[in-house]
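Colleague: Contents of my_file_12.txt (compact mmCIF, C-alpha atoms) are given next:
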# COMPACT_ATOMS: atom_id res chain seq x y z
CA MET U 1 25.46 3.44 -9.12
CA ALA U 2 26.08 1.50 -6.01
CA ASP U 3 28.86 -0.97 -6.45
CA PHE U 4 28.44 -3.62 -3.81
CA PRO U 5 25.63 -5.68 -5.34
CA PRO U 6 26.85 -7.78 -8.27
CA ALA U 7 26.59 -5.23 -11.09
CA PRO U 8 26.59 -1.62 -9.93
CA ALA U 9 25.24 1.25 -11.94
CA ASP U 10 21.89 2.64 -12.85
CA ARG U 11 19.25 0.14 -12.05
CA THR U 12 16.04 1.47 -13.47
CA GLN U 13 15.93 2.81 -16.99
CA PRO U 14 12.29 2.68 -18.10
CA VAL U 15 11.40 2.17 -21.72
CA PRO U 16 8.06 2.82 -23.38
CA PRO U 17 5.53 0.00 -23.44
CA PRO U 18 5.40 -1.86 -26.75
CA GLU U 19 2.82 -1.03 -29.40
CA THR U 20 1.27 -4.46 -29.03
CA GLN U 21 1.00 -6.77 -26.09
CA ALA U 22 2.68 -9.88 -27.41
CA GLY U 23 2.01 -11.73 -24.20
CA VAL U 24 4.06 -13.59 -21.70
CA GLU U 25 5.14 -16.21 -24.23
CA SER U 26 7.47 -13.63 -25.83
CA LEU U 27 9.41 -13.07 -22.61
CA GLY U 28 11.04 -16.43 -22.15
CA ALA U 29 14.78 -16.71 -22.67
CA GLY U 30 15.12 -20.26 -21.50
CA GLY U 31 16.08 -21.88 -18.20
CA ALA U 32 16.04 -19.71 -15.10
CA ALA U 33 14.59 -16.74 -16.98
CA ASP U 34 11.53 -18.78 -17.95
CA ALA U 35 11.18 -20.01 -14.38
CA ARG U 36 11.13 -16.43 -13.08
CA ILE U 37 8.46 -15.43 -15.60
CA GLN U 38 6.37 -18.38 -14.48
CA ALA U 39 6.90 -17.39 -10.84
CA ILE U 40 5.64 -13.87 -11.62
CA CYS U 41 2.56 -15.19 -13.40
CA THR U 42 1.80 -17.61 -10.57
CA TRP U 43 2.08 -14.83 -8.00
CA LEU U 44 -0.11 -12.47 -10.02
CA ALA U 45 -2.72 -15.22 -10.31
CA THR U 46 -3.07 -15.22 -6.50
CA ALA U 47 -4.31 -11.60 -6.72
CA PRO U 48 -1.83 -10.22 -4.15
CA ALA U 49 -3.39 -7.51 -2.00
CA GLY U 50 -6.64 -8.18 -3.85
CA LEU U 51 -5.24 -6.81 -7.13
CA HIS U 52 -6.26 -8.64 -10.27
CA ALA U 53 -3.59 -8.33 -12.94
CA ASP U 54 -3.79 -9.81 -16.42
CA ALA U 55 -0.58 -11.85 -16.56
CA THR U 56 -0.94 -12.32 -20.34
CA THR U 57 -0.12 -8.59 -20.76
CA LEU U 58 3.22 -8.82 -18.97
CA GLN U 59 5.88 -6.90 -20.92
CA PRO U 60 9.40 -5.63 -20.15
CA ALA U 61 9.32 -2.12 -18.68
CA SER U 62 13.01 -1.41 -18.11
CA SER U 63 16.58 -2.42 -18.68
CA ASP U 64 18.78 -3.04 -15.69
CA ALA U 65 22.42 -3.33 -14.67
CA SER U 66 21.73 -5.76 -11.83
CA PHE U 67 19.74 -8.98 -11.56
CA ARG U 68 16.56 -6.98 -11.00
CA ARG U 69 14.06 -6.71 -13.83
CA TYR U 70 10.90 -4.67 -14.23
CA PHE U 71 7.71 -5.57 -16.10
CA ARG U 72 4.56 -3.61 -16.90
CA VAL U 73 1.25 -5.44 -16.47
CA HIS U 74 -2.33 -4.36 -17.18
CA MET U 75 -4.97 -4.66 -14.53
CA GLN U 76 -8.25 -6.42 -15.26
CA LYS U 77 -10.24 -3.72 -13.45
CA PRO U 78 -10.06 -0.98 -14.65
CA PRO U 79 -8.50 -2.16 -17.93
CA ALA U 80 -6.55 1.07 -18.56
CA THR U 81 -4.59 0.80 -15.32
CA THR U 82 -1.04 -0.55 -15.41
CA LEU U 83 1.31 -1.53 -12.62
CA ILE U 84 4.98 -2.45 -12.44
CA VAL U 85 6.27 -5.82 -11.27
CA MET U 86 9.80 -5.79 -9.85
CA ASP U 87 11.50 -9.16 -10.17
CA ALA U 88 14.43 -9.55 -7.75
CA PRO U 89 15.53 -13.21 -7.68
CA PRO U 90 16.09 -14.37 -4.08
CA GLY U 91 19.72 -15.19 -3.42
CA ARG U 92 20.82 -12.59 -5.94
CA GLU U 93 18.78 -9.58 -4.86
CA ASP U 94 17.15 -8.52 -1.60
CA ILE U 95 13.92 -6.52 -1.85
CA GLU U 96 13.81 -5.52 1.80
CA PRO U 97 16.10 -2.44 1.40
CA PHE U 98 13.87 -1.28 -1.46
CA LEU U 99 10.73 -1.68 0.64
CA ARG U 100 12.31 0.07 3.62
CA VAL U 101 13.62 3.08 1.67
CA ALA U 102 10.40 3.43 -0.36
CA THR U 103 8.50 3.78 2.91
CA LEU U 104 10.99 6.40 4.16
CA LEU U 105 10.81 8.46 0.98
CA ARG U 106 7.03 8.45 0.74
CA ALA U 107 6.71 9.38 4.41
CA GLY U 108 9.11 12.23 3.74
CA GLY U 109 6.99 13.68 0.94
CA LEU U 110 8.80 12.23 -2.08
CA SER U 111 7.07 10.72 -5.11
CA ALA U 112 8.42 7.20 -4.72
CA PRO U 113 6.37 4.29 -6.13
CA LYS U 114 3.61 2.93 -3.95
CA ILE U 115 4.25 -0.59 -2.69
CA LEU U 116 0.96 -2.30 -3.53
CA ALA U 117 2.03 -5.86 -2.77
CA SER U 118 5.26 -7.70 -2.05
CA SER U 119 6.60 -11.17 -1.43
CA VAL U 120 10.05 -11.28 0.15
CA GLU U 121 10.33 -15.05 -0.24
CA ARG U 122 9.51 -14.82 -3.97
CA GLY U 123 11.51 -11.65 -4.58
CA LEU U 124 8.54 -9.87 -6.16
CA VAL U 125 7.04 -6.41 -5.67
CA LEU U 126 3.97 -4.82 -7.29
CA LEU U 127 4.42 -1.07 -7.70
CA SER U 128 2.53 1.93 -9.00
CA ASP U 129 3.49 2.83 -12.58
CA PHE U 130 5.23 6.16 -13.16
CA GLY U 131 5.11 5.77 -16.93
CA SER U 132 8.03 5.80 -19.34
CA THR U 133 9.26 9.41 -19.50
CA THR U 134 12.54 9.72 -17.67
CA TYR U 135 14.06 13.05 -16.83
CA LEU U 136 16.79 12.18 -19.33
CA LYS U 137 14.28 11.78 -22.15
CA ALA U 138 12.39 14.95 -21.19
CA LEU U 139 15.52 17.06 -20.74
CA GLN U 140 17.04 15.90 -24.02
CA GLY U 141 13.78 16.61 -25.84
CA ALA U 142 13.36 20.06 -24.33
CA ARG U 143 16.96 20.99 -25.04
CA ALA U 144 16.71 19.80 -28.64
CA GLU U 145 13.68 22.08 -29.07
CA GLY U 146 15.49 24.99 -27.46
CA ASP U 147 13.07 24.99 -24.53
CA LEU U 148 15.59 25.78 -21.82
CA SER U 149 12.86 27.07 -19.51
CA ARG U 150 11.41 23.54 -19.47
CA CYS U 151 14.83 22.14 -18.56
CA ASP U 152 15.16 24.70 -15.78
CA ALA U 153 11.70 23.92 -14.40
CA LEU U 154 12.38 20.17 -14.31
CA MET U 155 15.75 20.62 -12.66
CA ARG U 156 14.39 23.03 -10.07
CA ASP U 157 11.74 20.46 -9.18
CA ALA U 158 14.48 17.87 -8.76
CA LEU U 159 16.52 20.24 -6.59
CA THR U 160 13.53 20.97 -4.35
CA ALA U 161 12.79 17.26 -4.01
CA LEU U 162 16.44 16.62 -3.16
CA VAL U 163 16.33 19.10 -0.28
CA ARG U 164 13.24 17.27 0.98
CA LEU U 165 14.97 13.90 0.62
CA GLN U 166 18.05 15.06 2.52
CA GLY U 167 15.89 16.24 5.39
CA ILE U 168 14.56 12.73 6.03
CA GLY U 169 15.96 11.13 9.15
CA ALA U 170 17.35 7.68 8.39
CA PRO U 171 19.45 6.52 11.35
CA ASP U 172 19.08 2.84 10.46
CA LEU U 173 20.55 3.13 6.97
CA PRO U 174 24.16 2.00 6.52
CA LEU U 175 26.90 4.59 6.65
CA TYR U 176 28.77 5.63 3.51
CA ASP U 177 32.02 5.07 5.35
CA ALA U 178 35.70 5.16 4.43
CA SER U 179 35.84 1.50 3.41
CA ARG U 180 32.98 1.90 0.92
CA LEU U 181 34.29 5.14 -0.52
CA ARG U 182 37.82 3.76 -0.91
CA ALA U 183 36.58 0.52 -2.48
CA GLU U 184 34.76 2.64 -5.06
CA LEU U 185 37.89 4.64 -5.85
CA GLU U 186 39.90 1.46 -6.36
CA LEU U 187 37.65 0.63 -9.31
CA PHE U 188 39.39 3.40 -11.27
CA PRO U 189 42.90 1.86 -11.36
CA GLN U 190 41.59 -1.68 -11.53
CA TRP U 191 38.97 -1.41 -14.28
CA TYR U 192 39.54 1.87 -16.11
CA VAL U 193 43.32 2.21 -16.07
CA ALA U 194 44.43 -1.43 -16.12
CA ARG U 195 41.59 -3.10 -18.01
CA HIS U 196 40.11 -0.43 -20.27
CA VAL U 197 43.17 1.63 -21.14
CA GLY U 198 45.58 -1.27 -20.71
CA ALA U 199 48.10 0.82 -18.76
CA GLU U 200 50.36 -0.22 -15.91
CA LEU U 201 50.98 2.34 -13.19
CA SER U 202 54.51 3.00 -11.96
CA VAL U 203 55.25 2.80 -8.25
CA ALA U 204 55.34 6.60 -8.11
CA GLU U 205 51.97 6.85 -9.89
CA ARG U 206 50.37 4.30 -7.59
CA ASN U 207 51.65 6.15 -4.53
CA ALA U 208 50.48 9.50 -5.89
CA LEU U 209 47.05 8.08 -6.68
CA GLN U 210 46.71 6.70 -3.16
CA GLY U 211 47.63 10.11 -1.81
CA ILE U 212 44.86 11.65 -3.90
CA PHE U 213 42.42 9.02 -2.67
CA ASP U 214 43.39 9.85 0.93
CA ALA U 215 42.77 13.56 0.34
CA LEU U 216 39.39 12.92 -1.28
CA LEU U 217 38.25 10.61 1.50
CA ALA U 218 39.30 13.07 4.20
CA ASN U 219 37.18 15.74 2.53
CA ASN U 220 34.21 13.46 1.82
CA LEU U 221 34.07 12.07 5.35
CA ALA U 222 34.31 15.53 6.91
CA GLN U 223 31.15 16.68 5.14
CA PRO U 224 27.81 16.75 7.00
CA CYS U 225 25.96 13.46 6.84
CA VAL U 226 22.44 13.12 5.40
CA LEU U 227 20.33 10.55 3.59
CA VAL U 228 22.02 9.80 0.25
CA HIS U 229 20.09 8.24 -2.64
CA ARG U 230 23.38 7.34 -4.45
CA ASP U 231 21.92 7.51 -7.97
CA TYR U 232 19.92 10.73 -8.02
CA HIS U 233 20.21 11.50 -11.73
CA SER U 234 18.24 11.79 -14.95
CA ARG U 235 17.76 8.07 -15.60
CA ASN U 236 16.29 7.45 -12.18
CA LEU U 237 13.93 10.43 -12.06
CA MET U 238 10.57 10.26 -13.81
CA VAL U 239 8.37 13.01 -15.23
CA LEU U 240 4.93 12.66 -13.66
CA GLU U 241 1.52 13.89 -14.66
CA ALA U 242 0.42 17.13 -13.00
CA ASP U 243 -1.92 15.35 -10.58
CA GLN U 244 0.23 12.28 -10.03
CA GLU U 245 1.65 11.67 -6.57
CA LEU U 246 3.38 14.75 -5.10
CA GLY U 247 4.66 16.02 -8.42
CA ASN U 248 8.03 15.84 -10.13
CA PRO U 249 10.18 13.98 -9.97
CA GLY U 250 9.12 10.40 -9.50
CA VAL U 251 12.11 8.85 -7.72
CA LEU U 252 13.37 5.36 -8.55
CA ASP U 253 16.45 3.19 -7.89
CA PHE U 254 16.79 4.11 -4.24
CA GLN U 255 17.40 0.68 -2.71
CA ASP U 256 21.10 1.39 -2.09
CA ALA U 257 20.46 4.54 -0.04
CA VAL U 258 22.91 5.28 2.77
CA ARG U 259 23.83 8.06 5.18
CA GLY U 260 26.69 10.04 3.71
CA PRO U 261 28.14 13.32 2.39
CA ILE U 262 25.61 16.07 1.77
CA THR U 263 27.04 16.99 -1.65
CA TYR U 264 26.86 13.47 -3.12
CA ASP U 265 23.37 13.49 -4.63
CA LEU U 266 23.72 17.06 -5.87
CA VAL U 267 26.82 16.00 -7.81
CA SER U 268 24.89 13.05 -9.24
CA LEU U 269 22.18 15.40 -10.52
CA LEU U 270 24.22 18.34 -11.80
CA ARG U 271 27.19 16.39 -13.14
CA ASP U 272 25.18 13.56 -14.62
CA ALA U 273 26.98 10.88 -16.63
CA TYR U 274 24.15 10.84 -19.18
CA ILE U 275 23.51 14.51 -19.86
CA SER U 276 25.88 17.43 -19.33
CA TRP U 277 25.28 21.12 -18.74
CA PRO U 278 27.51 24.20 -19.11
CA GLU U 279 29.44 24.90 -15.94
CA GLU U 280 27.71 28.23 -15.41
CA GLN U 281 24.36 26.39 -15.44
CA GLN U 282 25.65 23.85 -12.95
CA LEU U 283 26.75 26.72 -10.72
CA ASP U 284 23.36 28.44 -10.96
CA TRP U 285 21.52 25.29 -9.93
CA ALA U 286 24.05 24.56 -7.18
CA ILE U 287 23.45 28.02 -5.71
CA ARG U 288 19.69 27.52 -5.86
CA TRP U 289 19.99 24.19 -4.04
CA TRP U 290 22.35 25.72 -1.45
CA GLU U 291 19.92 28.56 -0.74
CA GLN U 292 17.00 26.13 -0.33
CA ALA U 293 19.09 23.82 1.84
CA ARG U 294 20.01 26.65 4.19
CA LYS U 295 16.37 27.72 4.49
CA ALA U 296 15.38 24.11 5.22
CA GLY U 297 17.94 23.88 8.01
CA LEU U 298 20.14 21.29 6.35
CA PRO U 299 23.73 21.17 7.70
CA VAL U 300 25.25 23.00 4.73
CA ASP U 301 28.26 25.30 5.03
CA SER U 302 27.29 28.97 5.23
CA ASP U 303 30.21 29.88 2.96
CA PHE U 304 29.27 28.90 -0.59
CA SER U 305 32.89 28.77 -1.73
CA VAL U 306 33.64 26.15 0.94
CA PHE U 307 30.52 24.22 0.00
CA TYR U 308 31.39 24.32 -3.70
CA ARG U 309 34.89 23.00 -3.06
CA ASP U 310 33.32 20.08 -1.18
CA PHE U 311 30.93 19.59 -4.11
CA GLU U 312 33.82 19.39 -6.57
CA TRP U 313 35.87 17.01 -4.44
CA MET U 314 32.87 14.76 -3.91
CA GLY U 315 32.30 14.85 -7.65
CA LEU U 316 35.85 13.74 -8.33
CA GLN U 317 35.42 10.76 -6.03
CA ARG U 318 32.17 9.83 -7.75
CA HIS U 319 33.44 10.26 -11.29
CA LEU U 320 36.63 8.28 -10.76
CA LYS U 321 34.39 5.53 -9.41
CA VAL U 322 32.04 5.82 -12.39
CA LEU U 323 34.91 5.47 -14.87
CA GLY U 324 35.77 2.19 -13.17
CA ILE U 325 32.17 1.03 -12.94
CA PHE U 326 31.36 1.71 -16.58
CA ALA U 327 34.49 -0.15 -17.67
CA ARG U 328 33.55 -3.05 -15.39
CA LEU U 329 30.02 -3.16 -16.75
CA PHE U 330 31.52 -3.77 -20.18
CA TYR U 331 34.41 -6.11 -19.44
CA ARG U 332 32.78 -8.16 -16.68
CA ASP U 333 29.09 -7.90 -17.47
CA GLY U 334 29.04 -7.44 -21.25
CA LYS U 335 27.12 -4.13 -21.12
CA ALA U 336 28.74 -2.09 -23.87
CA ASP U 337 26.37 0.88 -23.85
CA TYR U 338 28.06 2.41 -20.82
CA LEU U 339 31.32 2.93 -22.71
CA ALA U 340 29.68 5.70 -24.73
CA GLU U 341 29.30 7.73 -21.51
CA LEU U 342 33.01 7.64 -20.59
CA PRO U 343 33.92 10.90 -22.41
CA THR U 344 31.20 12.78 -20.51
CA VAL U 345 32.49 11.48 -17.20
CA MET U 346 36.10 12.27 -18.10
CA GLY U 347 34.88 15.74 -19.02
CA TYR U 348 34.03 16.23 -15.34
CA VAL U 349 37.24 14.72 -14.00
CA ARG U 350 39.83 16.76 -15.89
CA PRO U 351 38.62 20.31 -15.03
CA VAL U 352 38.48 19.49 -11.31
CA ALA U 353 41.89 17.84 -11.43
CA ALA U 354 43.24 20.98 -13.12
CA ARG U 355 41.66 23.40 -10.62
CA TYR U 356 43.23 22.07 -7.42
CA ARG U 357 46.96 21.61 -6.92
CA GLU U 358 46.31 18.54 -4.76
CA PHE U 359 45.24 16.73 -7.93
CA THR U 360 48.17 17.69 -10.18
CA PRO U 361 49.53 14.11 -10.12
CA LEU U 362 46.14 12.86 -11.34
CA LEU U 363 46.17 15.35 -14.20
CA ARG U 364 49.65 14.18 -15.21
CA LEU U 365 48.47 10.57 -15.12
CA LEU U 366 45.46 11.39 -17.29
CA ASP U 367 47.75 13.19 -19.74
CA ARG U 368 49.87 10.05 -19.99
CA LEU U 369 46.86 7.80 -20.41
CA GLN U 370 45.64 9.91 -23.31
CA GLY U 371 48.63 8.76 -25.27
CA LEU U 372 47.81 5.10 -24.78
CA ALA U 373 45.54 3.06 -27.02
CA VAL U 374 42.27 2.08 -25.40
CA GLN U 375 41.36 -1.56 -25.93
CA THR U 376 37.90 -0.81 -27.32
CA ALA U 377 39.16 1.93 -29.66
CA TYR U 378 37.85 4.78 -27.53
CA THR U 379 40.37 7.55 -26.89
CA PHE U 380 40.35 10.27 -24.26
What does the file become when written as C-alpha cells?

Modeller:
Amino acid sequence: MADFPPAPADRTQPVPPPETQAGVESLGAGGAADARIQAICTWLATAPAGLHADATTLQPASSDASFRRYFRVHMQKPPATTLIVMDAPPGREDIEPFLRVATLLRAGGLSAPKILASSVERGLVLLSDFGSTTYLKALQGARAEGDLSRCDALMRDALTALVRLQGIGAPDLPLYDASRLRAELELFPQWYVARHVGAELSVAERNALQGIFDALLANNLAQPCVLVHRDYHSRNLMVLEADQELGNPGVLDFQDAVRGPITYDLVSLLRDAYISWPEEQQLDWAIRWWEQARKAGLPVDSDFSVFYRDFEWMGLQRHLKVLGIFARLFYRDGKADYLAELPTVMGYVRPVAARYREFTPLLRLLDRLQGLAVQTAYTF
C-alpha cells in the first residue's frame, strides 16, 4: 500500500485464468494499451532467456492499483506450463526495485517469484506463476467451511515467513523515515476527512490531529528497524502447492520494500483491510510471532506488553493512512471497490483510539464525523 508511486495500494490481486483462451486480440483497449500488448508480444517472440511463450494465449492474470499489469501466458514447451508477464510501462513504473527485492527475498529463503527474464528498457518481466489462490481466497473459504485449523495453519506459515523476511539484511533499501510516515498520515485529513466525509476541521481539531501524528511518529521511529515489505497481507500472499518453491506463502507486491519499524508488516497481516479476525485471535498470532522473532534474534522488545503497544500504535498510523488511500483510490483513480473496505479499517482505528488517552482527541473527531453525511452514502 505504498503511496509514493502514482496510485498506492495493493498491487497484485491475482484472478483465476479464464475458461477459454480468447487470445491477445481480446486484450486491446485502444491507444497506449494496445501498444503495450504489442510490445509484450514482440518481446515474447524474441524468446527471452531462451523461453518460448505462446503469445496468442496471453490473458489478464491480475487487477492492479498502479500502472503495472500482469498477464498469464502458456509456454510452447511443455504446453501445460504457464508464466506471468509483468508489464510496467517505462516512465510510469520502474522494474528495478522489483528485481532487486525479489533477489533479496529469494536469497533469504522466501518464496518470491523467480525472475526468468527481464527488460528494463521495455518495462517487462517474465516470472514464475504462483497460480490464482490468494491467502484471502483460501482464508475466506476455510472460514466459511468452519475449518479454523486451516486458517491457523496458513497464518502460522505467513508468520514464520515474516520472521525470515525481517531477518534479511537490506542496507541499500530506502528508509521508512519521518517524512514518508508523515506524508502517509496527511492522506487521512486530505482524502478521508475532507474529500470522503466532506468535513472541515476546526483549528483546534487540526492542531490536535497534528499532535497525534507527532506522537505516532515518535513511537514508530523509535522501533527497531528491519526489512519492511509494506503490503504483507492476504491479497499479496499466495497459497502454493506442497512441493512448490519453499512453501507457503508465495510473496508478491514487494517492490516498495523499505527499512522500517519491526511491527509494520505484522500489523498488515493481522489487522488486514480485507479480512478481519477476533482480537483474541490477533493476540494469539502476535504472541506466536513475538516468540519466533525472539528465538530468531530479531530486535524485538523482551516485554510483550511494550511490544504490543508499539504494534497498536504502528497499526493506527497504517490504518489512518489506509483510510486516506482508499478514499483517494476512489476519488482520484476511479477505483470504487476499495470503499467497501473502509468499515473494516475504521473497525481497527476506533478501538485503538479508545484504548490510549493520547488518542482521545482522535476519538472525539471520529465521533463528530459519524454524524456527517458521507458523499458516497457510506456511514461510519

Colleague: Would you mind listing, for every residue of region 61-111 of chain U within 8 Å of region 237-260 of chain U, the two atoms forming the shortest contact and the distance between them in Å to one decimal, using only C-alpha atoms, sorted by chain and ascending residue number, as JSON lines?

Modeller:
{"residue": "U:Pro97", "atom": "CA", "partner": "U:Gln255", "partner_atom": "CA", "distance": 5.3}
{"residue": "U:Phe98", "atom": "CA", "partner": "U:Gln255", "partner_atom": "CA", "distance": 4.2}
{"residue": "U:Leu99", "atom": "CA", "partner": "U:Gln255", "partner_atom": "CA", "distance": 7.8}
{"residue": "U:Val101", "atom": "CA", "partner": "U:Gln255", "partner_atom": "CA", "distance": 6.3}
{"residue": "U:Ala102", "atom": "CA", "partner": "U:Phe254", "partner_atom": "CA", "distance": 7.5}
{"residue": "U:Gly109", "atom": "CA", "partner": "U:Leu246", "partner_atom": "CA", "distance": 7.1}
{"residue": "U:Leu110", "atom": "CA", "partner": "U:Leu246", "partner_atom": "CA", "distance": 6.7}
{"residue": "U:Ser111", "atom": "CA", "partner": "U:Gly250", "partner_atom": "CA", "distance": 4.9}

Colleague: Can you tell me how far CA of Leu201 (chain U) sits from CA of Asp337 (chain U), in Å to one decimal?

Modeller: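 CA of Asp337 (chain U) lies 26.9 Å from CA of Leu201 (chain U).
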
Colleague: So that I can see what lies close to Leu283 (chain U), please list as a list in words the residues with an atom at most 12 Å from it, counting all atoms listed in the file and leaving out residues fewer than 3 positions away in the same chain.

Modeller: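 The filter keeps Leu266, Val267, Leu270, Arg271, Trp277, Pro278, Glu279, Glu280, Ala286, Ile287, Arg288, Trp289, Trp290, Phe304, Ser305, Phe307, Tyr308, Arg309, Phe311 and Glu312 of chain U.
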
Colleague: Rounded to one decimal, what separation in Å do you get between CA of His233 (chain U) and CA of Leu363 (chain U)?

Modeller: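 Computed distance, CA of His233 (chain U) to CA of Leu363 (chain U), equals 26.4 Å.
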
Colleague: Would you please work out which residue, of U:Ala183, U:Ile84, U:Leu58, U:Leu148, is nearest to Ser118 (chain U) when using only C-alpha atoms?

Modeller: U:Ile84

Colleague: Could all heavy atoms be built for region 265-273 of chain U and written out as an mmCIF file, in the frame of the given file?

Modeller:
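In the end it all went to selection_38.cif:
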data_model
loop_
_atom_site.group_PDB
_atom_site.id
_atom_site.type_symbol
_atom_site.label_atom_id
_atom_site.label_comp_id
_atom_site.auth_asym_id
_atom_site.auth_seq_id
_atom_site.Cartn_x
_atom_site.Cartn_y
_atom_site.Cartn_z
ATOM 1 N N ASP U 265 24.495 13.567 -3.687
ATOM 2 C CA ASP U 265 23.370 13.490 -4.630
ATOM 3 C C ASP U 265 23.296 14.721 -5.521
ATOM 4 O O ASP U 265 22.844 14.623 -6.672
ATOM 5 C CB ASP U 265 22.056 13.315 -3.864
ATOM 6 C CG ASP U 265 21.845 11.883 -3.380
ATOM 7 O OD1 ASP U 265 22.481 10.968 -3.930
ATOM 8 O OD2 ASP U 265 21.039 11.696 -2.450
ATOM 9 N N LEU U 266 23.721 15.860 -5.027
ATOM 10 C CA LEU U 266 23.720 17.060 -5.870
ATOM 11 C C LEU U 266 24.706 16.890 -7.020
ATOM 12 O O LEU U 266 24.420 17.271 -8.162
ATOM 13 C CB LEU U 266 24.082 18.291 -5.037
ATOM 14 C CG LEU U 266 23.960 19.621 -5.773
ATOM 15 C CD1 LEU U 266 22.507 19.910 -6.145
ATOM 16 C CD2 LEU U 266 24.525 20.759 -4.922
ATOM 17 N N VAL U 267 25.857 16.303 -6.752
ATOM 18 C CA VAL U 267 26.820 16.000 -7.810
ATOM 19 C C VAL U 267 26.198 15.049 -8.826
ATOM 20 O O VAL U 267 26.330 15.237 -10.040
ATOM 21 C CB VAL U 267 28.102 15.380 -7.217
ATOM 22 C CG1 VAL U 267 28.947 14.733 -8.312
ATOM 23 C CG2 VAL U 267 28.923 16.439 -6.494
ATOM 24 N N SER U 268 25.507 14.024 -8.346
ATOM 25 C CA SER U 268 24.890 13.050 -9.240
ATOM 26 C C SER U 268 23.922 13.728 -10.204
ATOM 27 O O SER U 268 23.841 13.353 -11.374
ATOM 28 C CB SER U 268 24.133 11.987 -8.436
ATOM 29 O OG SER U 268 24.979 11.333 -7.531
ATOM 30 N N LEU U 269 23.188 14.718 -9.704
ATOM 31 C CA LEU U 269 22.180 15.400 -10.520
ATOM 32 C C LEU U 269 22.795 16.412 -11.471
ATOM 33 O O LEU U 269 22.448 16.444 -12.654
ATOM 34 C CB LEU U 269 21.180 16.102 -9.596
ATOM 35 C CG LEU U 269 20.054 16.880 -10.279
ATOM 36 C CD1 LEU U 269 19.126 15.943 -11.044
ATOM 37 C CD2 LEU U 269 19.266 17.695 -9.253
ATOM 38 N N LEU U 270 23.701 17.239 -10.986
ATOM 39 C CA LEU U 270 24.220 18.340 -11.800
ATOM 40 C C LEU U 270 25.375 17.932 -12.701
ATOM 41 O O LEU U 270 25.588 18.549 -13.750
ATOM 42 C CB LEU U 270 24.668 19.499 -10.890
ATOM 43 C CG LEU U 270 23.596 20.087 -9.979
ATOM 44 C CD1 LEU U 270 24.118 21.343 -9.295
ATOM 45 C CD2 LEU U 270 22.312 20.399 -10.752
ATOM 46 N N ARG U 271 26.115 16.913 -12.306
ATOM 47 C CA ARG U 271 27.190 16.390 -13.140
ATOM 48 C C ARG U 271 26.878 14.945 -13.504
ATOM 49 O O ARG U 271 27.592 14.012 -13.182
ATOM 50 C CB ARG U 271 28.551 16.556 -12.441
ATOM 51 C CG ARG U 271 28.900 18.025 -12.253
ATOM 52 C CD ARG U 271 30.270 18.285 -11.682
ATOM 53 N NE ARG U 271 30.509 19.731 -11.638
ATOM 54 C CZ ARG U 271 31.568 20.305 -11.101
ATOM 55 N NH1 ARG U 271 32.518 19.553 -10.524
ATOM 56 N NH2 ARG U 271 31.714 21.623 -11.120
ATOM 57 N N ASP U 272 25.799 14.819 -14.213
ATOM 58 C CA ASP U 272 25.180 13.560 -14.620
ATOM 59 C C ASP U 272 26.023 12.903 -15.713
ATOM 60 O O ASP U 272 26.480 13.569 -16.648
ATOM 61 C CB ASP U 272 23.779 13.903 -15.141
ATOM 62 C CG ASP U 272 22.890 12.711 -15.355
ATOM 63 O OD1 ASP U 272 23.396 11.607 -15.624
ATOM 64 O OD2 ASP U 272 21.655 12.886 -15.282
ATOM 65 N N ALA U 273 26.214 11.597 -15.611
ATOM 66 C CA ALA U 273 26.980 10.880 -16.630
ATOM 67 C C ALA U 273 26.258 10.791 -17.958
ATOM 68 O O ALA U 273 26.876 10.492 -18.985
ATOM 69 C CB ALA U 273 27.309 9.468 -16.126
#
